[in-house]
>>> print(open('query34.csv').read())   # CSV, C-alpha atoms
chain,number,residue,atom,x,y,z
J,1,MET,CA,12.8,-13.1,-4.7
J,2,LEU,CA,9.8,-12.8,-2.4
J,3,LYS,CA,6.5,-14.3,-3.7
J,4,PRO,CA,3.6,-11.7,-3.8
J,5,ILE,CA,1.1,-12.1,-1.1
J,6,ILE,CA,-2.5,-11.9,-2.4
J,7,THR,CA,-4.9,-11.1,0.5
J,8,ASP,CA,-7.9,-13.0,-0.7
J,9,HIS,CA,-10.1,-12.5,2.5
J,10,PRO,CA,-13.8,-12.6,1.6
J,11,LEU,CA,-14.4,-9.1,3.0
J,12,ILE,CA,-11.6,-7.7,0.8
J,13,GLN,CA,-12.8,-9.5,-2.3
J,14,HIS,CA,-16.4,-8.2,-1.7
J,15,LYS,CA,-15.2,-4.6,-1.4
J,16,LEU,CA,-12.9,-5.0,-4.4
J,17,THR,CA,-15.9,-6.0,-6.5
J,18,LEU,CA,-17.6,-2.8,-5.5
J,19,ILE,CA,-14.7,-0.5,-6.4
J,20,ARG,CA,-14.3,-2.2,-9.8
J,21,ASP,CA,-17.9,-1.2,-10.6
J,22,LYS,CA,-17.8,1.9,-12.8
J,23,ASN,CA,-21.1,3.0,-11.2
J,24,THR,CA,-19.7,3.3,-7.7
J,25,PRO,CA,-19.6,7.0,-6.9
J,26,SER,CA,-16.4,8.8,-5.6
J,27,LYS,CA,-17.6,9.0,-1.9
J,28,GLU,CA,-18.3,5.3,-1.7
J,29,PHE,CA,-15.2,4.4,-3.7
J,30,ARG,CA,-13.0,6.5,-1.4
J,31,GLU,CA,-14.5,4.8,1.7
J,32,LEU,CA,-14.1,1.4,0.2
J,33,VAL,CA,-10.4,2.0,-0.7
J,34,SER,CA,-9.8,3.1,2.9
J,35,GLU,CA,-11.5,0.0,4.3
J,36,ILE,CA,-9.6,-2.4,2.0
J,37,ALA,CA,-6.4,-0.7,3.0
J,38,MET,CA,-7.2,-1.2,6.7
J,39,LEU,CA,-7.9,-4.9,6.1
J,40,MET,CA,-4.7,-5.3,4.1
J,41,CYS,CA,-2.7,-3.6,6.9
J,42,TYR,CA,-3.7,-6.5,9.1
J,43,GLU,CA,-1.8,-8.8,6.8
J,44,ALA,CA,1.1,-6.5,6.1
J,45,THR,CA,1.9,-6.2,9.8
J,46,ARG,CA,1.5,-9.9,10.6
J,47,ASP,CA,5.3,-10.3,11.2
J,48,LEU,CA,5.7,-7.4,13.7
J,49,PRO,CA,7.6,-8.8,16.7
J,50,LEU,CA,6.0,-9.0,20.1
J,51,LYS,CA,7.4,-8.9,23.7
J,52,GLU,CA,5.8,-10.1,26.9
J,53,ILE,CA,4.9,-7.6,29.7
J,54,GLU,CA,3.2,-8.0,33.0
J,55,ILE,CA,-0.2,-6.2,33.5
J,56,GLU,CA,-3.0,-6.3,36.1
J,57,THR,CA,-6.5,-7.2,34.8
J,58,PRO,CA,-9.6,-6.5,37.0
J,59,MET,CA,-9.1,-10.1,38.1
J,60,THR,CA,-5.4,-10.8,38.5
J,61,VAL,CA,-1.9,-10.1,37.4
J,62,THR,CA,-1.0,-11.8,34.1
J,63,LYS,CA,1.5,-11.7,31.3
J,64,ALA,CA,0.5,-10.3,27.9
J,65,LYS,CA,2.0,-9.3,24.6
J,66,VAL,CA,2.7,-5.9,23.0
J,67,ILE,CA,4.5,-4.9,19.9
J,68,SER,CA,8.2,-4.9,20.5
J,69,GLY,CA,9.5,-1.4,19.7
J,70,ARG,CA,9.2,-1.5,15.9
J,71,LYS,CA,8.5,1.9,14.4
J,72,LEU,CA,6.4,2.1,11.2
J,73,ALA,CA,6.0,4.7,8.5
J,74,PHE,CA,3.3,4.7,5.9
J,75,VAL,CA,4.4,6.4,2.6
J,76,PRO,CA,1.6,6.9,0.1
J,77,ILE,CA,2.7,7.6,-3.5
J,78,LEU,CA,0.8,10.8,-4.5
J,79,ARG,CA,-1.8,11.2,-5.3
J,80,ALA,CA,-3.8,7.9,-5.3
J,81,GLY,CA,-1.9,6.4,-2.4
J,82,LEU,CA,-3.4,9.0,-0.1
J,83,GLY,CA,-6.7,7.1,-0.4
J,84,MET,CA,-5.1,4.1,1.5
J,85,CYS,CA,-3.4,6.1,4.2
J,86,GLU,CA,-6.4,6.8,6.5
J,87,GLY,CA,-7.3,3.1,6.6
J,88,MET,CA,-3.7,2.1,7.6
J,89,LEU,CA,-3.6,4.8,10.3
J,90,ALA,CA,-6.8,3.5,11.8
J,91,LEU,CA,-5.0,0.3,12.8
J,92,VAL,CA,-1.6,1.9,13.6
J,93,PRO,CA,-2.3,5.5,14.7
J,94,ALA,CA,1.3,5.9,16.1
J,95,ALA,CA,2.9,5.4,12.6
J,96,LYS,CA,4.5,8.4,10.9
J,97,VAL,CA,3.5,9.4,7.4
J,98,GLY,CA,5.8,10.4,4.5
J,99,HIS,CA,4.9,11.3,0.9
J,100,ILE,CA,6.4,10.6,-2.5
J,101,GLY,CA,5.0,12.5,-5.4
J,102,MET,CA,5.0,10.8,-8.8
J,103,TYR,CA,3.3,11.6,-12.1
J,104,ARG,CA,3.1,9.4,-15.2
J,105,ASP,CA,4.1,10.9,-18.6
J,106,PRO,CA,1.0,10.5,-20.8
J,107,VAL,CA,3.1,9.7,-23.8
J,108,THR,CA,6.0,7.5,-22.6
J,109,HIS,CA,4.1,6.2,-19.5
J,110,THR,CA,7.3,6.6,-17.5
J,111,PRO,CA,7.1,8.0,-13.9
J,112,HIS,CA,8.6,11.3,-12.7
J,113,GLU,CA,9.3,12.2,-9.1
J,114,TYR,CA,8.3,15.7,-8.1
J,115,TYR,CA,8.1,15.5,-4.3
J,116,CYS,CA,9.6,13.5,-1.5
J,117,LYS,CA,9.1,14.3,2.2
J,118,LEU,CA,9.8,11.5,4.7
J,119,PRO,CA,10.0,11.3,8.6
J,120,ALA,CA,13.3,12.6,9.9
J,121,ASP,CA,14.0,9.2,11.6
J,122,ILE,CA,13.1,7.1,8.5
J,123,GLU,CA,16.2,5.0,9.0
J,124,GLU,CA,14.7,3.7,12.2
J,125,ARG,CA,11.4,2.7,10.6
J,126,ASP,CA,9.9,-0.1,8.7
J,127,VAL,CA,8.2,1.5,5.7
J,128,ILE,CA,4.9,0.4,4.1
J,129,LEU,CA,4.7,2.0,0.6
J,130,LEU,CA,1.1,2.6,-0.6
J,131,ASP,CA,-0.4,2.8,-4.1
J,132,PRO,CA,-3.8,1.4,-5.1
J,133,MET,CA,-2.4,0.2,-8.5
J,134,LEU,CA,0.7,-1.6,-9.5
J,135,ALA,CA,0.6,-1.3,-13.3
J,136,THR,CA,3.9,-1.0,-15.1
J,137,GLY,CA,5.8,-0.9,-11.8
J,138,GLY,CA,7.6,2.2,-12.8
J,139,SER,CA,6.3,4.5,-10.0
J,140,ALA,CA,6.8,1.8,-7.4
J,141,ILE,CA,10.4,1.1,-8.5
J,142,ASP,CA,11.2,4.8,-8.4
J,143,ALA,CA,9.6,5.3,-5.1
J,144,VAL,CA,11.5,2.4,-3.6
J,145,ASN,CA,14.7,3.9,-5.1
J,146,ALA,CA,13.9,7.2,-3.3
J,147,LEU,CA,13.3,5.4,0.0
J,148,LYS,CA,16.4,3.3,-0.2
J,149,LYS,CA,18.5,6.5,-0.5
J,150,ARG,CA,17.3,7.2,3.1
J,151,SER,CA,18.0,3.6,4.4
J,152,PRO,CA,14.9,2.6,6.2
J,153,ARG,CA,14.9,-0.7,8.1
J,154,SER,CA,12.7,-2.4,5.6
J,155,ILE,CA,10.2,-1.7,2.8
J,156,LYS,CA,7.0,-3.4,1.9
J,157,PHE,CA,4.7,-2.4,-1.0
J,158,VAL,CA,0.9,-2.6,-0.5
J,159,CYS,CA,-1.4,-2.1,-3.4
J,160,ILE,CA,-5.0,-3.1,-4.2
J,161,ILE,CA,-4.7,-4.4,-7.8
J,162,ALA,CA,-1.5,-5.5,-9.5
J,163,ALA,CA,-0.7,-6.4,-13.1
J,164,PRO,CA,1.6,-9.3,-13.7
J,165,GLU,CA,3.9,-6.9,-15.6
J,166,GLY,CA,4.2,-4.6,-12.6
J,167,ILE,CA,4.9,-7.5,-10.2
J,168,GLU,CA,7.6,-8.8,-12.4
J,169,ALA,CA,9.2,-5.4,-12.9
J,170,LEU,CA,9.2,-4.5,-9.2
J,171,GLN,CA,10.5,-7.9,-8.2
J,172,ALA,CA,13.3,-7.7,-10.7
J,173,ALA,CA,14.3,-4.2,-9.5
J,174,HIS,CA,13.8,-4.8,-5.8
J,175,PRO,CA,13.6,-8.5,-4.9
J,176,ASP,CA,13.8,-7.7,-1.2
J,177,VAL,CA,10.5,-5.8,-1.2
J,178,GLN,CA,7.5,-7.9,-0.2
J,179,ILE,CA,4.5,-7.1,-2.4
J,180,TYR,CA,0.9,-7.3,-1.0
J,181,ALA,CA,-2.1,-7.1,-3.3
J,182,ALA,CA,-5.8,-7.8,-3.0
J,183,ALA,CA,-5.9,-9.1,-6.6
J,184,GLN,CA,-3.5,-9.9,-9.5
J,185,ASP,CA,-5.3,-9.0,-12.7
J,186,GLU,CA,-4.9,-10.2,-16.2
J,187,ARG,CA,-2.6,-7.7,-18.0
J,188,LEU,CA,-2.0,-4.2,-19.1
J,189,ASN,CA,-3.7,-2.7,-22.1
J,190,GLU,CA,-2.0,-0.6,-24.8
J,191,ASN,CA,-2.3,2.5,-22.6
J,192,LYS,CA,-0.7,0.7,-19.7
J,193,TYR,CA,-3.9,0.5,-17.6
J,194,ILE,CA,-4.7,-2.7,-15.8
J,195,LEU,CA,-7.3,-5.1,-17.2
J,196,PRO,CA,-9.9,-5.6,-15.9
J,197,GLY,CA,-8.8,-3.1,-13.3
J,198,LEU,CA,-10.9,-0.2,-12.0
J,199,GLY,CA,-9.8,2.7,-14.2
J,200,ASP,CA,-7.7,5.6,-12.8
J,201,ALA,CA,-7.7,5.2,-9.0
J,202,GLY,CA,-6.7,8.8,-8.4
J,203,ASP,CA,-9.5,10.2,-10.5
J,204,ARG,CA,-12.1,7.9,-8.9
J,205,ILE,CA,-10.9,8.7,-5.4
J,206,PHE,CA,-10.9,12.5,-5.8
J,207,GLY,CA,-13.7,12.7,-8.4
J,208,THR,CA,-11.6,14.5,-11.0
J,209,LYS,CA,-13.0,12.7,-14.0
>>> encode(input="query34.csv", output="structure tokens")
Amino acid sequence: MLKPIITDHPLIQHKLTLIRDKNTPSKEFRELVSEIAMLMCYEATRDLPLKEIEIETPMTVTKAKVISGRKLAFVPILRAGLGMCEGMLALVPAAKVGHIGMYRDPVTHTPHEYYCKLPADIEERDVILLDPMLATGGSAIDAVNALKKRSPRSIKFVCIIAAPEGIEALQAAHPDVQIYAAAQDERLNENKYILPGLGDAGDRIFGTK
């Protein structure tokens, strides 16, 4: 089982405080989520393999390193995951993007898939699955199940805030999926929202509440 990686960089922690604040408006919230995602992309792609090539600088010929042929796909879980996608693409513009649509039953809190569209060559790609919140873990587990049916090379899960219950559930269901989070919070409340959390990420990103 892979230990979760908490990306506690000072810039991430500063921006995380701002998105937790209930007074942060949607425009600023959306920008901050994208910025946090971009910073987390740096950590999530740390293990990309490199190869050495020969180039000519203005001064001389030298050897330098480039990424060695690994193809990436970013797959946001709709709808809140969309808020993280732009930041990721800012660092890896050549990555392809897929989408998995999930909604949570307001009574049972269980996830239901309603949409799945992935790159045609997904089996050749390393997938980074995106969702700002890892609460119960249900949506993440179902999204990984949907991805594994298409046999990508690997899957990582990147979120901003994770609950211990969600981490435990995702690890139990998919111990091969590395989890990246900016913070591990205290617990879930009776409505399965993360405490202290930041409320409903989708509503705050899109200004729907």
>>> residues_near_point(input="query34.csv", point="(8.9, -2.8, 19.6)", cutoff="10 Å", atoms="all atoms listed in the file", output="list in words")
Leu48, Pro49, Leu50, Lys51, Val66, Ile67, Ser68, Gly69, Arg70 and Lys71 of chain J
>>> closest_atom_pairs(input="query34.csv", of="stretch 27-87 of chain J", to="stretch 130-142 of chain J", cutoff="8 Å", atoms="only C-alpha atoms", output="tab-separated table")
residue	atom	partner	partner_atom	distance
J:Val33	CA	J:Pro132	CA	8.0
J:Phe74	CA	J:Leu130	CA	7.2
J:Val75	CA	J:Leu130	CA	6.0
J:Pro76	CA	J:Leu130	CA	4.4
J:Ile77	CA	J:Asp131	CA	5.7
J:Ala80	CA	J:Asp131	CA	6.2
J:Gly81	CA	J:Asp131	CA	4.3
J:Leu82	CA	J:Leu130	CA	7.8
J:Gly83	CA	J:Pro132	CA	7.9
J:Met84	CA	J:Leu130	CA	6.7
J:Cys85	CA	J:Leu130	CA	7.5
>>> closest_residue(input="query34.csv", among="J:His112, J:Arg20, J:Lys27, J:Lys156", to="J:Gly197", atoms="only C-alpha atoms")
J:Arg20
>>> closest_residue(input="query34.csv", among="J:Met1, J:Ile122, J:Leu91, J:Ala44", to="J:Leu170", atoms="only C-alpha atoms")
J:Met1
>>> closest_atom_pairs(input="query34.csv", of="stretch 183-209 of chain J", to="stretch 4-13 of chain J", cutoff="12 Å", atoms="only C-alpha atoms", output="JSON lines")
{"residue": "J:Ala183", "atom": "CA", "partner": "J:Ile6", "partner_atom": "CA", "distance": 6.1}
{"residue": "J:Gln184", "atom": "CA", "partner": "J:Ile6", "partner_atom": "CA", "distance": 7.4}
{"residue": "J:Asp185", "atom": "CA", "partner": "J:Ile6", "partner_atom": "CA", "distance": 11.1}
>>> closest_residue(input="query34.csv", among="J:Leu89, J:Arg79, J:Thr110, J:Asp126", to="J:Asp47", atoms="all atoms listed in the file")
J:Asp126
>>> atom_distance(input="query34.csv", atom1="atom CA of J:Ile36", atom2="atom CA of J:Pro196")
18.2 Å
>>> residues_near_point(input="query34.csv", point="(-11.1, 1.6, 1.2)", cutoff="9 Å", atoms="all atoms listed in the file", output="PyMOL selection string")
chain J and resi 15-16+19+28-39+83-84+86-87
>>> atom_distance(input="query34.csv", atom1="atom CA of J:Gly101", atom2="atom CA of J:Tyr114")
5.3 Å
>>> atom_distance(input="query34.csv", atom1="atom CA of J:Leu147", atom2="atom CA of J:Ala169")
17.3 Å
>>> closest_residue(input="query34.csv", among="J:Met40, J:Ala162, J:Ser151, J:Phe157", to="J:Glu123", atoms="all atoms listed in the file")
J:Ser151
>>> closest_residue(input="query34.csv", among="J:Val158, J:Leu129, J:Leu72, J:Tyr115", to="J:Tyr180", atoms="all atoms listed in the file")
J:Val158
>>> closest_residue(input="query34.csv", among="J:Pro106, J:Gly199, J:Glu56, J:Val144", to="J:Gln171", atoms="only C-alpha atoms")
J:Val144
>>> decode(input="query34.csv", residues="stretch 61-90 of chain J", atoms="C-alpha atoms", output="mmCIF file, in the first residue's frame")
data_model
loop_
_atom_site.group_PDB
_atom_site.id
_atom_site.type_symbol
_atom_site.label_atom_id
_atom_site.label_comp_id
_atom_site.auth_asym_id
_atom_site.auth_seq_id
_atom_site.Cartn_x
_atom_site.Cartn_y
_atom_site.Cartn_z
ATOM 1 C CA VAL J 61 27.238 21.813 -27.934
ATOM 2 C CA THR J 62 26.091 20.077 -24.756
ATOM 3 C CA LYS J 63 24.007 17.218 -23.459
ATOM 4 C CA ALA J 64 20.702 17.951 -21.709
ATOM 5 C CA LYS J 65 17.685 16.049 -20.427
ATOM 6 C CA VAL J 66 14.127 15.798 -21.737
ATOM 7 C CA ILE J 67 11.143 13.710 -20.668
ATOM 8 C CA SER J 68 11.525 10.232 -22.078
ATOM 9 C CA GLY J 69 8.425 9.481 -24.102
ATOM 10 C CA ARG J 70 5.855 9.100 -21.293
ATOM 11 C CA LYS J 71 2.376 10.154 -22.310
ATOM 12 C CA LEU J 72 0.126 11.751 -19.701
ATOM 13 C CA ALA J 73 -3.638 12.113 -19.431
ATOM 14 C CA PHE J 74 -5.436 14.320 -16.943
ATOM 15 C CA VAL J 75 -8.885 13.027 -16.017
ATOM 16 C CA PRO J 76 -11.000 15.358 -13.880
ATOM 17 C CA ILE J 77 -13.982 13.891 -12.043
ATOM 18 C CA LEU J 78 -16.906 16.115 -13.034
ATOM 19 C CA ARG J 79 -17.685 18.633 -12.115
ATOM 20 C CA ALA J 80 -15.335 19.937 -9.426
ATOM 21 C CA GLY J 81 -12.278 18.258 -10.950
ATOM 22 C CA LEU J 82 -12.523 20.643 -13.900
ATOM 23 C CA GLY J 83 -11.249 23.382 -11.609
ATOM 24 C CA MET J 84 -7.890 21.611 -11.336
ATOM 25 C CA CYS J 85 -7.412 20.761 -15.004
ATOM 26 C CA GLU J 86 -6.267 24.142 -16.329
ATOM 27 C CA GLY J 87 -3.501 24.382 -13.743
ATOM 28 C CA MET J 88 -2.229 20.927 -14.633
ATOM 29 C CA LEU J 89 -2.284 21.702 -18.362
ATOM 30 C CA ALA J 90 -0.289 24.887 -17.736
#
